[in-house]
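This is data_4.txt (compact mmCIF, C-alpha atoms).
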# COMPACT_ATOMS: atom_id res chain seq x y z
CA MET P 1 92.71 97.81 108.52
CA ARG P 2 90.97 94.86 110.21
CA LYS P 3 87.55 96.47 109.72
CA ARG P 4 88.22 96.87 105.98
CA ILE P 5 89.24 93.21 105.62
CA ILE P 6 86.18 91.98 107.52
CA THR P 7 83.91 94.24 105.42
CA LEU P 8 85.44 92.84 102.22
CA PHE P 9 84.89 89.24 103.38
CA LEU P 10 81.25 89.98 104.27
CA ALA P 11 80.63 91.68 100.92
CA VAL P 12 82.06 88.74 98.94
CA GLY P 13 80.08 86.26 101.06
CA SER P 14 76.85 88.19 100.55
CA ILE P 15 77.32 88.25 96.79
CA LEU P 16 77.99 84.52 96.66
CA TRP P 17 75.03 83.68 98.92
CA CYS P 18 72.59 85.76 96.90
CA SER P 19 73.88 84.39 93.59
CA ALA P 20 73.63 80.77 94.75
CA GLN P 21 69.86 80.85 95.12
CA GLU P 22 69.19 80.02 91.47
CA ARG P 23 70.94 78.61 88.44
CA LYS P 24 72.10 81.01 85.73
CA VAL P 25 73.62 80.72 82.28
CA GLN P 26 77.37 80.17 82.64
CA ASN P 27 79.82 82.54 80.99
CA ARG P 28 82.88 80.88 79.45
CA PRO P 29 81.86 77.35 80.59
CA TYR P 30 85.03 75.66 79.29
CA THR P 31 87.64 78.13 80.56
CA ASP P 32 88.64 75.97 83.56
CA LEU P 33 89.20 72.91 81.36
CA ARG P 34 92.31 74.40 79.78
CA LYS P 35 95.49 72.60 80.80
CA PHE P 36 97.49 75.84 80.92
CA HIS P 37 96.64 79.51 80.51
CA PHE P 38 98.17 82.98 80.93
CA GLY P 39 96.98 86.26 82.41
CA VAL P 40 97.99 89.59 83.91
CA PHE P 41 97.46 91.16 87.33
CA VAL P 42 97.49 94.54 89.01
CA GLY P 43 96.95 95.36 92.65
CA THR P 44 97.78 97.31 95.76
CA HIS P 45 99.34 96.38 99.08
CA MET P 46 100.06 97.62 102.59
CA GLN P 47 103.54 96.83 103.87
CA ASP P 48 105.13 96.82 107.29
CA LEU P 49 108.58 96.05 108.66
CA GLU P 50 108.78 94.29 112.02
CA LEU P 51 112.01 95.52 113.66
CA LYS P 52 113.88 94.10 116.67
CA ASN P 53 115.69 96.81 118.63
CA VAL P 54 118.95 96.08 120.47
CA GLY P 55 118.48 98.67 123.25
CA PRO P 56 121.46 100.54 124.78
CA GLN P 57 124.67 100.09 122.78
CA LEU P 58 128.29 101.28 122.79
CA ILE P 59 129.19 103.32 119.69
CA GLU P 60 132.69 104.42 118.68
CA MET P 61 132.62 108.09 117.74
CA GLU P 62 134.85 109.82 115.18
CA ASP P 63 137.36 110.85 117.89
CA GLY P 64 137.72 107.18 118.98
CA THR P 65 135.75 107.46 122.24
CA MET P 66 133.09 104.90 123.17
CA VAL P 67 129.69 106.38 124.01
CA GLU P 68 126.51 104.60 125.13
CA LYS P 69 123.55 105.33 122.86
CA ASN P 70 119.91 104.25 123.10
CA VAL P 71 117.93 104.53 119.87
CA VAL P 72 114.49 103.00 119.25
CA CYS P 73 113.48 102.26 115.66
CA ASP P 74 110.02 101.44 114.28
CA GLN P 75 107.93 101.64 111.16
CA ASP P 76 105.19 103.82 112.61
CA ARG P 77 102.46 103.00 110.06
CA TRP P 78 101.39 100.59 107.35
CA ASP P 79 102.57 102.11 104.06
CA PRO P 80 100.79 101.59 100.71
CA GLY P 81 102.30 100.39 97.45
CA PHE P 82 101.27 98.79 94.17
CA ASN P 83 102.13 95.62 92.28
CA VAL P 84 101.84 94.45 88.67
CA GLY P 85 102.84 91.38 86.70
CA VAL P 86 101.86 88.34 84.64
CA LEU P 87 100.87 84.78 85.47
CA GLY P 88 100.85 81.27 84.12
CA GLU P 89 98.52 78.67 85.64
CA LEU P 90 98.59 74.89 85.30
CA ARG P 91 95.46 72.78 85.90
CA LEU P 92 96.41 69.81 88.11
CA THR P 93 92.99 68.38 88.92
CA GLU P 94 89.40 69.59 88.94
CA ASN P 95 90.01 71.48 92.19
CA PHE P 96 93.76 72.13 92.28
CA GLN P 97 95.82 74.55 90.19
CA PHE P 98 99.47 75.57 90.33
CA ARG P 99 100.22 79.23 89.54
CA VAL P 100 103.47 81.02 88.80
CA ALA P 101 103.16 84.82 88.90
CA PRO P 102 106.30 86.92 88.26
CA GLY P 103 105.77 90.58 89.05
CA MET P 104 107.01 93.84 90.56
CA PHE P 105 106.18 95.35 93.96
CA PHE P 106 106.79 99.07 94.50
CA GLY P 107 106.46 100.98 97.77
CA THR P 108 108.05 103.13 100.46
CA ARG P 109 108.33 102.36 104.18
CA HIS P 110 108.43 105.26 106.66
CA ILE P 111 111.01 104.40 109.35
CA MET P 112 111.20 106.50 112.54
CA PHE P 113 114.22 106.66 114.87
CA ARG P 114 113.90 108.08 118.41
CA ASN P 115 117.12 108.90 120.25
CA TYR P 116 116.84 108.53 124.05
CA SER P 117 120.58 108.83 124.66
CA ASP P 118 120.45 112.21 126.45
CA PRO P 119 117.84 112.14 129.24
CA ASP P 120 118.64 115.78 130.17
CA ASN P 121 117.62 116.99 126.73
CA GLU P 122 114.05 118.29 126.93
CA LYS P 123 113.49 117.79 123.20
CA LEU P 124 113.49 114.22 121.92
CA ILE P 125 115.83 113.74 118.96
CA GLU P 126 114.05 112.09 116.02
CA GLU P 127 115.24 111.00 112.61
CA HIS P 128 113.30 109.33 109.83
CA GLN P 129 114.04 107.41 106.68
CA ASP P 130 111.86 106.72 103.64
CA LEU P 131 112.96 103.19 102.83
CA LYS P 132 112.05 102.70 99.17
CA THR P 133 111.45 99.16 97.94
CA ALA P 134 111.26 97.76 94.43
CA TYR P 135 110.93 93.98 94.47
CA VAL P 136 111.05 91.52 91.59
CA SER P 137 108.86 88.63 92.76
CA MET P 138 108.29 85.06 91.58
CA ALA P 139 105.21 83.78 93.42
CA MET P 140 104.57 80.03 93.25
CA ASP P 141 101.14 79.17 94.64
CA LEU P 142 98.93 76.12 95.03
CA ILE P 143 95.24 76.93 94.62
CA PHE P 144 92.35 74.85 95.98
CA ALA P 145 89.06 75.91 94.37
CA ALA P 146 85.50 74.94 95.26
CA PRO P 147 83.17 73.60 92.53
CA ARG P 148 81.92 76.32 90.24
CA PHE P 149 78.33 77.53 90.76
CA ASN P 150 76.86 79.87 88.17
CA ASN P 151 79.58 82.43 87.43
CA TYR P 152 81.43 82.31 90.77
CA ARG P 153 84.08 80.03 92.23
CA PRO P 154 85.74 80.76 95.62
CA TYR P 155 89.17 79.39 96.44
CA MET P 156 92.01 79.32 98.96
CA MET P 157 95.70 79.58 98.15
CA ALA P 158 99.11 79.11 99.77
CA GLY P 159 102.61 79.41 98.41
CA ILE P 160 106.16 80.73 98.49
CA ASN P 161 107.33 83.99 96.95
CA PRO P 162 111.10 84.63 96.59
CA MET P 163 111.83 88.32 95.97
CA LEU P 164 114.81 90.30 94.70
CA ASN P 165 115.26 93.81 96.14
CA LEU P 166 116.47 96.34 93.53
CA SER P 167 116.33 99.53 95.61
CA ALA P 168 118.95 99.09 98.36
CA ARG P 169 120.96 102.28 99.01
CA ASP P 170 124.35 102.59 100.69
CA ASP P 171 123.73 106.01 102.31
CA ASP P 172 120.58 105.16 104.33
CA PHE P 173 120.35 104.44 108.06
CA LEU P 174 118.97 100.97 107.34
CA LYS P 175 119.58 98.80 104.30
CA LEU P 176 117.74 95.63 103.37
CA LYS P 177 119.33 92.57 101.82
CA ASN P 178 119.12 91.98 98.10
CA SER P 179 116.78 89.01 98.53
CA ASP P 180 113.97 87.75 100.74
CA VAL P 181 111.47 84.86 100.81
CA PHE P 182 107.79 85.27 101.72
CA LEU P 183 105.12 82.82 102.81
CA GLU P 184 101.73 83.55 101.20
CA LEU P 185 98.24 82.66 102.48
CA GLY P 186 95.02 84.01 101.02
CA ILE P 187 91.52 83.66 99.63
CA GLY P 188 89.86 84.77 96.43
CA CYS P 189 86.97 84.24 94.07
CA ASP P 190 86.69 83.71 90.31
CA PHE P 191 84.11 85.87 88.54
CA TYR P 192 83.32 84.53 85.07
CA LEU P 193 82.52 87.50 82.83
CA PRO P 194 81.45 87.26 79.17
CA PHE P 195 84.92 87.98 77.74
CA PHE P 196 87.39 87.11 80.53
CA LYS P 197 87.68 85.77 84.06
CA LEU P 198 88.21 88.29 86.87
CA ARG P 199 89.86 87.03 90.06
CA PRO P 200 90.08 89.35 93.10
CA GLU P 201 92.43 87.91 95.72
CA LEU P 202 93.36 89.00 99.23
CA LYS P 203 96.49 87.48 100.79
CA PHE P 204 98.90 87.95 103.67
CA MET P 205 102.65 87.74 103.04
CA LEU P 206 105.23 87.14 105.79
CA GLY P 207 108.98 87.37 105.30
CA LEU P 208 110.70 84.17 106.46
CA THR P 209 114.26 85.52 106.64
CA ASN P 210 116.02 88.34 108.43
CA SER P 211 115.90 90.96 105.67
CA LEU P 212 118.28 93.41 107.37
CA ASP P 213 121.79 93.88 105.94
CA MET P 214 123.87 93.47 109.10
CA LYS P 215 127.12 94.60 107.40
CA HIS P 216 125.72 97.94 106.28
CA ALA P 217 126.57 99.91 109.45
CA ASP P 218 130.29 99.12 109.20
CA LYS P 219 130.41 100.57 105.68
CA LEU P 220 128.95 103.99 106.60
CA LYS P 221 131.24 106.96 106.07
CA ASP P 222 129.34 109.17 108.53
CA LYS P 223 130.00 107.70 112.00
CA ASN P 224 127.11 109.72 113.47
CA MET P 225 124.73 107.45 111.54
CA MET P 226 126.01 104.29 113.21
CA MET P 227 123.88 104.66 116.36
CA TYR P 228 120.79 104.50 114.13
CA SER P 229 122.02 101.74 111.83
CA LYS P 230 123.07 99.51 114.73
CA ALA P 231 119.86 100.11 116.69
CA VAL P 232 118.18 97.17 114.90
CA SER P 233 119.36 93.56 114.91
CA GLU P 234 116.59 91.90 112.91
CA SER P 235 113.75 92.75 110.52
CA HIS P 236 110.90 90.80 108.93
CA SER P 237 108.63 92.13 106.19
CA LYS P 238 104.85 91.80 106.21
CA MET P 239 102.29 92.67 103.55
CA PHE P 240 98.54 92.61 102.98
CA VAL P 241 98.02 92.37 99.21
CA LEU P 242 94.82 92.92 97.22
CA THR P 243 95.31 91.74 93.64
CA PHE P 244 93.04 91.63 90.57
CA PHE P 245 93.89 88.88 88.07
CA PHE P 246 92.62 89.06 84.48
CA GLU P 247 92.63 85.66 82.78
So, in terms of C-alpha cells, how does the structure I just supplied come out?
Amino acid sequence: MRKRIITLFLAVGSILWCSAQERKVQNRPYTDLRKFHFGVFVGTHMQDLELKNVGPQLIEMEDGTMVEKNVVCDQDRWDPGFNVGVLGELRLTENFQFRVAPGMFFGTRHIMFRNYSDPDNEKLIEEHQDLKTAYVSMAMDLIFAAPRFNNYRPYMMAGINPMLNLSARDDDFLKLKNSDVFLELGIGCDFYLPFFKLRPELKFMLGLTNSLDMKHADKLKDKNMMMYSKAVSESHSKMFVLTFFFE
C-alpha cells in the first residue's frame, strides 16, 4: 500500500515538473473565478478498523455459570470499497476554497476472531464476520491551492466528515454505531481539460470517535456469541481514499 502511494506521488510530481518547463495555452481560463460551482465525484477506498481487545474476560453462559474466555479480534486486511457523490465549492480567496461534498461510501470489512480459551484444544477456534458498511457522508473541507501554471494546479486539503452508518445489523458479532466523525487530510491536483476540470485527490481519513456499539452484546439472543462481541472495547475507522472530481 505504501509503495503504491509513493509511486502515485512521484508520477504526479513528474508530470507537473515536465509540464512546468514551458507556457501553454490555458484551457478554461476563467473557471476558477466563479464564486460557486457544482460537480460530481467517484472513487475507491481502502478501509481498516483499529480494534482494542480486552483480553481474558468472564462470560455468563446459558446455564448461568461464569467461564473465562480469551478471544482476540482483528481486521486482518485492508478491504476495498467505492464512493460516489456530488459537491459544491465556494471560492473564498485566490488560493482558498471551501467544499461541501455529500456522498455515499460502500464497503465490507473482514473481521477475524481467534478463540484462545481452550489451550488443550489442538485446533484453534476461529470465527469471522463480514462487516458491511454503507455510510452517508457530508465532507466539509478547506482547500489551499497553489497558483495555476498552464493546465495544472496542485493543492492541499483538510476537513471534517460526519458520517451516518446505514448498515448496522443486530445479529452480528460486532455492531458499529449509527454515526461517526472523520478527520480528513490529503493532496490533489486540478487538471484543466477543454470541457471540464478533472481533480484526482488522495486523502487519509481517521475516525475521531469510538465507533463500536457497546450495548450490542447485551442484546444478543445467542449467548455463545457474547465472548466474541465483548472481546473488543473500542474501535476506530481508518480509510485511504482516491477520488476523481469532475467540475
Inset, instruction - For range 76-83 of chain P, list every protein, DNA or RNA residue within 12 Å, evaluated using all atoms listed in the file, and leave out those in the same chain fewer than 4 positions away; present the list as a ChimeraX atom specification. - result: /P:1,40-51,72,101-114,128-137,237-245
Listed atoms of range 83-95 of chain P, axis-aligned box, 4 Å per side: centre and edge lengths to one decimal in Å, as JSON?
{"center_x": 96.1, "center_y": 82.0, "center_z": 88.2, "size_x": 21.4, "size_y": 35.2, "size_z": 16.2}
Legend entry - Best match for closeness to Phe38 in chain P among P:Pro162, P:Met66, P:Glu247, P:Phe182, counting all atoms listed in the file: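 Between P:Pro162, P:Met66, P:Glu247, P:Phe182, the residue approaching Phe38 in chain P most closely is P:Glu247.
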Inset, instruction - Rounded to one decimal place, report the CA of Pro56 in chain P-CA of Asp180 in chain P distance in Å. - result: 28.2 Å
Legend entry - Point-to-point distance from CA of Gly159 in chain P to CA of Ala145 in chain P, Å rounded to tenths: 14.6 Å
Legend entry - Two-atom distance - CA of Asp171 in chain P, CA of Glu68 in chain P (Å): 23.0 Å
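In this comparison, which uses only C-alpha atoms, the residue of P:Leu92, P:Leu198, P:Val25, P:Ala231 approaching Phe246 in chain P most closely is P:Leu198.
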Could you give me, as a short mmCIF file (atom, residue, chain, number, x, y, z; two decimals) with C-alpha atoms, in the frame of the given file, the residues that have an atom at most 12 Å away from the point (89.2, 74.9, 82.2) in the coordinates of the file, using all atoms listed in the file?
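Output saved as out38.cif:
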data_model
loop_
_atom_site.label_atom_id
_atom_site.label_comp_id
_atom_site.auth_asym_id
_atom_site.auth_seq_id
_atom_site.Cartn_x
_atom_site.Cartn_y
_atom_site.Cartn_z
CA ARG P 28 82.88 80.88 79.45
CA PRO P 29 81.86 77.35 80.59
CA TYR P 30 85.03 75.66 79.29
CA THR P 31 87.64 78.13 80.56
CA ASP P 32 88.64 75.97 83.56
CA LEU P 33 89.20 72.91 81.36
CA ARG P 34 92.31 74.40 79.78
CA LYS P 35 95.49 72.60 80.80
CA PHE P 36 97.49 75.84 80.92
CA HIS P 37 96.64 79.51 80.51
CA GLU P 89 98.52 78.67 85.64
CA LEU P 90 98.59 74.89 85.30
CA ARG P 91 95.46 72.78 85.90
CA LEU P 92 96.41 69.81 88.11
CA THR P 93 92.99 68.38 88.92
CA GLU P 94 89.40 69.59 88.94
CA ASN P 95 90.01 71.48 92.19
CA PHE P 96 93.76 72.13 92.28
CA GLN P 97 95.82 74.55 90.19
CA ARG P 148 81.92 76.32 90.24
CA TYR P 192 83.32 84.53 85.07
CA LYS P 197 87.68 85.77 84.06
CA GLU P 247 92.63 85.66 82.78
#
Inset, instruction - List the neighbours of Ser235 in chain P out to 12 Å using only C-alpha atoms; skip same-chain residues closer than 3 positions along the sequence, and give me the result as a ChimeraX atom specification. - result: /P:48-54,73-75,174-177,180,206-214,231-232,238
Using C-alpha atoms, can you export the residues from the last selection as a CSV table (one decimal), in the frame of the given file?
chain,number,residue,atom,x,y,z
P,48,ASP,CA,105.1,96.8,107.3
P,49,LEU,CA,108.6,96.0,108.7
P,50,GLU,CA,108.8,94.3,112.0
P,51,LEU,CA,112.0,95.5,113.7
P,52,LYS,CA,113.9,94.1,116.7
P,53,ASN,CA,115.7,96.8,118.6
P,54,VAL,CA,119.0,96.1,120.5
P,73,CYS,CA,113.5,102.3,115.7
P,74,ASP,CA,110.0,101.4,114.3
P,75,GLN,CA,107.9,101.6,111.2
P,174,LEU,CA,119.0,101.0,107.3
P,175,LYS,CA,119.6,98.8,104.3
P,176,LEU,CA,117.7,95.6,103.4
P,177,LYS,CA,119.3,92.6,101.8
P,180,ASP,CA,114.0,87.8,100.7
P,206,LEU,CA,105.2,87.1,105.8
P,207,GLY,CA,109.0,87.4,105.3
P,208,LEU,CA,110.7,84.2,106.5
P,209,THR,CA,114.3,85.5,106.6
P,210,ASN,CA,116.0,88.3,108.4
P,211,SER,CA,115.9,91.0,105.7
P,212,LEU,CA,118.3,93.4,107.4
P,213,ASP,CA,121.8,93.9,105.9
P,214,MET,CA,123.9,93.5,109.1
P,231,ALA,CA,119.9,100.1,116.7
P,232,VAL,CA,118.2,97.2,114.9
P,238,LYS,CA,104.8,91.8,106.2
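Each of P:Asp172, P:Glu127, P:Asp141, P:Asp218 was compared to Glu184 in chain P using all atoms listed in the file, and P:Asp141 turns out to be the nearest.
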Legend entry - Nearest-residue call for Cys189 in chain P, choices P:Lys215, P:Met157, P:Phe98, P:Asn224, using all atoms listed in the file: P:Met157
